[in-house]
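Note: the block below is run39.csv and it holds CSV, C-alpha atoms.
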```
chain,number,residue,atom,x,y,z
R,602,MET,CA,38.6,18.5,39.1
R,603,SER,CA,37.5,17.6,35.5
R,604,ARG,CA,34.5,19.2,34.1
R,605,THR,CA,31.8,17.1,32.5
R,606,ASP,CA,30.6,18.0,29.0
R,607,PRO,CA,26.9,18.9,29.3
R,608,ALA,CA,26.4,17.4,25.8
R,609,GLN,CA,27.1,14.0,27.2
R,610,HIS,CA,24.1,14.2,29.4
R,611,ALA,CA,21.8,15.9,26.9
R,612,ALA,CA,18.5,14.2,26.3
R,613,PRO,CA,18.5,12.2,23.0
R,614,ALA,CA,16.6,13.7,20.1
R,615,THR,CA,13.1,12.4,19.7
R,616,ARG,CA,12.2,14.1,16.5
R,617,THR,CA,14.0,14.4,13.2
R,618,PRO,CA,13.2,16.6,10.2
R,619,ILE,CA,12.3,14.6,7.1
R,620,THR,CA,10.8,15.2,3.7
R,621,LEU,CA,8.1,12.9,2.3
R,622,ARG,CA,6.8,13.2,-1.3
R,623,VAL,CA,3.2,12.1,-0.9
R,624,ASN,CA,1.0,11.9,-4.0
R,625,GLY,CA,3.3,14.2,-5.9
R,626,THR,CA,3.6,16.8,-3.2
R,627,ASP,CA,6.6,17.4,-0.9
R,628,HIS,CA,5.9,17.6,2.8
R,629,ALA,CA,8.5,18.8,5.3
R,630,LEU,CA,7.7,17.0,8.6
R,631,CYS,CA,9.4,16.5,11.9
R,632,PRO,CA,7.9,13.2,13.2
R,633,ASP,CA,8.4,11.6,16.6
R,634,HIS,CA,10.8,8.7,16.1
R,635,ARG,CA,8.1,6.3,17.4
R,636,VAL,CA,5.4,7.4,14.9
R,637,THR,CA,4.5,5.1,12.0
R,638,LEU,CA,4.0,6.2,8.4
R,639,LEU,CA,0.3,5.3,8.7
R,640,ASP,CA,-0.3,7.6,11.6
R,641,THR,CA,1.7,10.4,9.9
R,642,LEU,CA,-0.4,10.1,6.8
R,643,ARG,CA,-3.7,10.1,8.7
R,644,GLU,CA,-2.9,12.5,11.6
R,645,GLU,CA,-0.4,14.9,10.1
R,646,LEU,CA,-1.4,15.0,6.4
R,647,ASP,CA,-5.1,14.3,6.8
R,648,LEU,CA,-4.9,11.4,4.2
R,649,THR,CA,-7.3,9.0,5.8
R,650,GLY,CA,-7.6,6.6,2.9
R,651,ALA,CA,-5.1,4.2,4.3
R,652,LYS,CA,-6.9,2.5,7.2
R,653,LYS,CA,-5.7,1.3,10.6
R,654,GLY,CA,-7.0,-2.2,10.8
R,655,CYS,CA,-4.9,-4.7,12.7
R,656,ASP,CA,-1.9,-2.4,13.2
R,657,HIS,CA,0.2,-5.5,13.0
R,658,GLY,CA,0.8,-5.9,9.2
R,659,GLN,CA,-1.7,-8.7,8.9
R,660,CYS,CA,-4.8,-7.2,7.2
R,661,GLY,CA,-3.4,-5.0,4.5
R,662,ALA,CA,-5.9,-2.1,5.1
R,663,CYS,CA,-3.0,0.3,5.4
R,664,THR,CA,-1.3,-0.7,2.2
R,665,VAL,CA,0.4,2.2,0.2
R,666,LEU,CA,2.9,2.4,-2.5
R,667,LEU,CA,6.4,3.3,-1.3
R,668,ASP,CA,8.7,4.2,-4.1
R,669,GLY,CA,6.4,2.3,-6.3
R,670,ARG,CA,6.3,-0.9,-4.2
R,671,ARG,CA,3.6,-2.2,-2.0
R,672,ALA,CA,4.1,-1.6,1.8
R,673,TYR,CA,2.2,-1.9,5.0
R,674,SER,CA,2.4,1.7,6.4
R,675,CYS,CA,1.5,0.5,9.9
R,676,LEU,CA,4.9,-1.3,10.1
R,677,LEU,CA,7.1,1.6,8.9
R,678,LEU,CA,8.5,4.3,11.0
R,679,ALA,CA,7.9,7.7,9.3
R,680,VAL,CA,11.4,9.0,10.3
R,681,ALA,CA,13.0,6.1,8.3
R,682,GLN,CA,11.2,7.2,5.1
R,683,ASP,CA,13.0,10.5,4.5
R,684,GLY,CA,13.1,11.2,0.8
R,685,ALA,CA,10.7,8.4,-0.1
R,686,GLU,CA,7.8,8.8,-2.5
R,687,VAL,CA,4.5,7.6,-1.1
R,688,THR,CA,1.3,7.0,-3.1
R,689,THR,CA,-1.9,6.5,-1.2
R,690,VAL,CA,-5.4,5.7,-2.5
R,691,GLU,CA,-6.0,9.4,-2.7
R,692,GLY,CA,-3.2,9.8,-5.2
R,693,LEU,CA,-3.9,6.8,-7.5
R,694,ALA,CA,-5.9,9.0,-9.9
R,695,THR,CA,-2.9,11.4,-10.2
R,696,THR,CA,-1.0,8.6,-11.9
R,697,VAL,CA,-3.5,8.5,-14.8
R,698,PRO,CA,-2.5,10.7,-17.8
R,699,GLY,CA,-5.1,13.4,-18.3
R,700,GLY,CA,-6.7,12.8,-14.9
R,701,GLY,CA,-9.8,10.8,-14.0
R,702,PRO,CA,-10.1,7.7,-11.9
R,703,HIS,CA,-7.5,5.0,-12.0
R,704,PRO,CA,-8.6,2.0,-14.1
R,705,LEU,CA,-8.6,-0.1,-10.9
R,706,GLN,CA,-11.0,2.4,-9.3
R,707,ARG,CA,-13.3,2.3,-12.3
R,708,ALA,CA,-13.2,-1.5,-12.3
R,709,PHE,CA,-13.9,-1.8,-8.6
R,710,LEU,CA,-17.0,0.4,-9.1
R,711,GLU,CA,-18.2,-1.5,-12.1
R,712,ARG,CA,-17.6,-4.9,-10.5
R,713,ASP,CA,-19.0,-3.8,-7.1
R,714,ALA,CA,-15.8,-5.1,-5.6
R,715,PHE,CA,-16.5,-3.8,-2.1
R,716,GLN,CA,-19.2,-3.8,0.5
R,717,CYS,CA,-18.3,-1.9,3.7
R,718,GLY,CA,-15.3,-0.3,1.8
R,719,PHE,CA,-13.0,-0.4,4.8
R,720,CYS,CA,-10.4,-2.5,3.1
R,721,THR,CA,-10.9,-1.1,-0.4
R,722,PRO,CA,-8.1,1.6,-0.3
R,723,GLY,CA,-5.5,-1.1,0.7
R,724,GLN,CA,-6.9,-3.4,-1.9
R,725,LEU,CA,-6.6,-0.8,-4.6
R,726,CYS,CA,-3.0,0.2,-3.7
R,727,SER,CA,-2.0,-3.5,-3.5
R,728,ALA,CA,-3.6,-4.2,-6.8
R,729,ALA,CA,-1.8,-1.3,-8.4
R,730,GLY,CA,1.4,-2.6,-7.1
R,731,ALA,CA,0.6,-6.1,-8.3
R,732,LEU,CA,-0.2,-4.9,-11.8
R,733,ALA,CA,3.2,-3.1,-11.9
R,734,GLU,CA,5.0,-6.2,-10.6
R,735,ALA,CA,3.4,-8.5,-13.2
R,736,GLU,CA,4.2,-6.0,-16.0
R,737,ALA,CA,7.8,-5.9,-14.9
R,738,GLY,CA,7.9,-9.7,-15.0
R,739,HIS,CA,8.2,-10.4,-11.3
R,740,PRO,CA,6.9,-13.9,-10.5
R,741,SER,CA,4.8,-15.0,-7.6
R,742,ALA,CA,4.3,-18.3,-5.9
R,743,ALA,CA,1.5,-19.0,-8.4
R,744,THR,CA,3.6,-18.3,-11.5
R,745,PRO,CA,3.9,-21.5,-13.7
R,746,ALA,CA,7.4,-23.0,-14.0
R,747,GLU,CA,7.4,-22.5,-17.8
R,748,ALA,CA,6.7,-18.8,-17.3
R,749,LEU,CA,9.7,-18.3,-15.0
R,750,ALA,CA,12.1,-18.9,-17.8
R,751,ALA,CA,10.3,-16.6,-20.2
R,752,ALA,CA,11.2,-12.9,-20.1
R,753,GLY,CA,8.5,-10.3,-20.1
R,754,PRO,CA,5.3,-9.6,-18.3
R,755,VAL,CA,3.5,-12.2,-16.2
R,756,THR,CA,-0.1,-13.1,-17.3
R,757,LEU,CA,-2.4,-12.2,-14.4
R,758,THR,CA,-4.7,-15.2,-14.2
R,759,ALA,CA,-7.3,-15.4,-11.4
R,760,GLU,CA,-4.9,-17.7,-9.5
R,761,GLU,CA,-2.0,-15.1,-9.9
R,762,ILE,CA,-4.3,-12.3,-8.6
R,763,ARG,CA,-5.4,-14.3,-5.6
R,764,GLU,CA,-1.8,-15.1,-4.7
R,765,ARG,CA,-0.5,-11.6,-5.3
R,766,LEU,CA,-3.3,-10.0,-3.2
R,767,SER,CA,-2.9,-12.6,-0.4
R,768,GLY,CA,-1.8,-9.9,2.1
R,769,ASN,CA,-5.1,-8.0,1.8
R,770,LEU,CA,-8.1,-9.3,3.7
R,771,CYS,CA,-11.8,-8.5,3.2
R,772,ARG,CA,-14.0,-9.3,6.1
R,773,CYS,CA,-17.1,-8.8,3.9
R,774,GLY,CA,-15.9,-11.5,1.5
R,775,ALA,CA,-15.9,-9.6,-1.7
R,776,TYR,CA,-13.1,-11.7,-3.1
R,777,PRO,CA,-14.7,-12.9,-6.4
R,778,ALA,CA,-15.5,-9.3,-7.4
R,779,ILE,CA,-12.1,-8.1,-6.4
R,780,VAL,CA,-10.5,-10.8,-8.7
R,781,GLN,CA,-12.8,-9.8,-11.5
R,782,ALA,CA,-12.0,-6.1,-11.1
R,783,VAL,CA,-8.2,-6.6,-11.1
R,784,THR,CA,-8.6,-8.9,-14.1
R,785,ASP,CA,-10.5,-6.1,-15.9
R,786,ALA,CA,-7.9,-3.5,-15.0
R,787,ALA,CA,-5.2,-5.8,-16.3
R,788,GLY,CA,-7.0,-6.1,-19.6
R,789,GLY,CA,-8.1,-9.7,-19.2
R,790,GLY,CA,-11.9,-9.3,-19.3
R,791,ASP,CA,-14.0,-11.7,-17.2
R,792,ALA,CA,-12.0,-13.6,-14.5
R,793,ALA,CA,-12.7,-17.3,-14.4
R,794,GLY,CA,-12.5,-19.0,-11.1
R,795,GLY,CA,-12.7,-15.9,-9.0
R,796,THR,CA,-14.1,-17.6,-6.0
R,797,GLY,CA,-12.7,-18.4,-2.6
R,798,ALA,CA,-12.7,-17.3,1.0
R,799,ALA,CA,-10.3,-15.0,2.8
R,800,GLY,CA,-7.2,-17.0,2.2
R,801,ALA,CA,-7.9,-17.3,-1.5
R,802,VAL,CA,-7.6,-13.8,-2.8
R,803,ALA,CA,-6.0,-14.0,-0.1
```
What is this structure when it is put down as structure tokens?
Amino acid sequence: MSRTDPAQHAAPATRTPITLRVNGTDHALCPDHRVTLLDTLREELDLTGAKKGCDHGQCGACTVLLDGRRAYSCLLLAVAQDGAEVTTVEGLATTVPGGGPHPLQRAFLERDAFQCGFCTPGQLCSAAGALAEAEAGHPSAATPAEALAAAGPVTLTAEEIRERLSGNLCRCGAYPAIVQAVTDAAGGGDAAGGTGAAGAVA
């Protein structure tokens, strides 16, 4: 009679060791395979800046920077991010030489670009990603055709900012001030035409 290998009937692993570099610090974790990056940040690392809003990748409140690019942390499994570098709103200031608030954080305060503040962490991370994308010359749907052929950074007009932040919603409707704040941080001064409802900065 043949013997059955017990390993063939072993329960599948439900946790896997990973390392996440979050805001410049390495964290050795062993998350459940079903747990999202958002829940890991909030529940395991006590970084509650990224908010759980819709939990469906529709509101942008959970936006973080993943290897420098914007990402909805509610849609990402933590176990799949082994070795990734994550920047949350708590870590934005660490990217500033010499310390101090990030220029976006200062601009949001000066422009009063928030009301309840629930969406603000996601807005800040998304705006930081948008600034980097524009600086790298990555176009958006609002980039003029003549600018597509030109190499170099994309000028962040109010229309560009609204398009690039379209994945971040503000239920309080602070969109005009958000556009102004991002324009300030981009070095553009006052933002003209910073008006519109949810789908506009959105």
**Report entry** Residues within 10 Å of Val687 in chain R, only C-alpha atoms, excluding chain neighbours under 4 positions, as a list in words
**Finding:**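 In the requested format, the answer is Leu621, Arg622, Val623, Asn624, Gly625, Thr626, Leu638, Leu642, Val665, Leu666, Leu667, Asp668, Gly669, Arg670, Arg671, Ala672, Ser674, Gln682 and Gly692 of chain R.
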Would you kindly return, as a PDB file with C-alpha atoms, in the frame of the given file, each protein, DNA or RNA residue with an atom no farther than 7 Å from any atom of Ala743 in chain R, considering all atoms listed in the file and excluding same-chain residues fewer than 2 positions away?
```
ATOM      1  CA  SER R 741       4.800 -15.000  -7.600  1.00  0.00           C
ATOM      2  CA  PRO R 745       3.900 -21.500 -13.700  1.00  0.00           C
ATOM      3  CA  GLU R 760      -4.900 -17.700  -9.500  1.00  0.00           C
ATOM      4  CA  GLU R 761      -2.000 -15.100  -9.900  1.00  0.00           C
ATOM      5  CA  GLU R 764      -1.800 -15.100  -4.700  1.00  0.00           C
TER       6      GLU R 764
END
```
Query - Interatomic distance (Å, one decimal) between CA of Leu630 in chain R and CA of Cys655 in chain R - result: 25.4 Å
Report task. Determine, counting all atoms listed in the file, every residue of protein, DNA or RNA that lies within 12 Å of (2.0, 10.6, 10.3) in the file coordinates, then give the result as an MDAnalysis selection string. Result -> chainID R and resid 619:621 623 628:649 651 674:675 677:680 682
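Among the candidates R:Asp656, R:Glu747, R:Asp713, R:Asp627, the one nearest to Val780 in chain R when counting only C-alpha atoms is R:Asp713.
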Query raised in the report: Counting only C-alpha atoms, what is within 6 Å of range 730-740 of chain R, bar same-chain residues fewer than 2 positions away, as a ChimeraX atom specification?
Result: /R:670-671,727-728,744,753-755
Query - CA of Glu711 in chain R to CA of Pro698 in chain R, straight-line distance in Å - result: 20.7 Å
Requested in this report: Record the distance separating CA of Thr688 in chain R and CA of Ala786 in chain R, expressed in Å with one decimal.
Outcome: 18.3 Å
Requested in this report: Find the residue from R:Leu676, R:Ala775, R:Ala782, R:Cys720 that sits nearest to Cys660 in chain R; use only C-alpha atoms when measuring.
Outcome: R:Cys720
Query - Close residues, Gly723 in chain R itself excluded, 8 Å, only C-alpha atoms, min 2 positions apart in chain, as a list in words - result: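 So, after excluding close chain neighbours, the residues are Ala651, Lys652, Gly661, Ala662, Cys663, Thr664, Val665, Val690, Cys720, Thr721, Leu725, Cys726, Ser727 and Asn769 of chain R.
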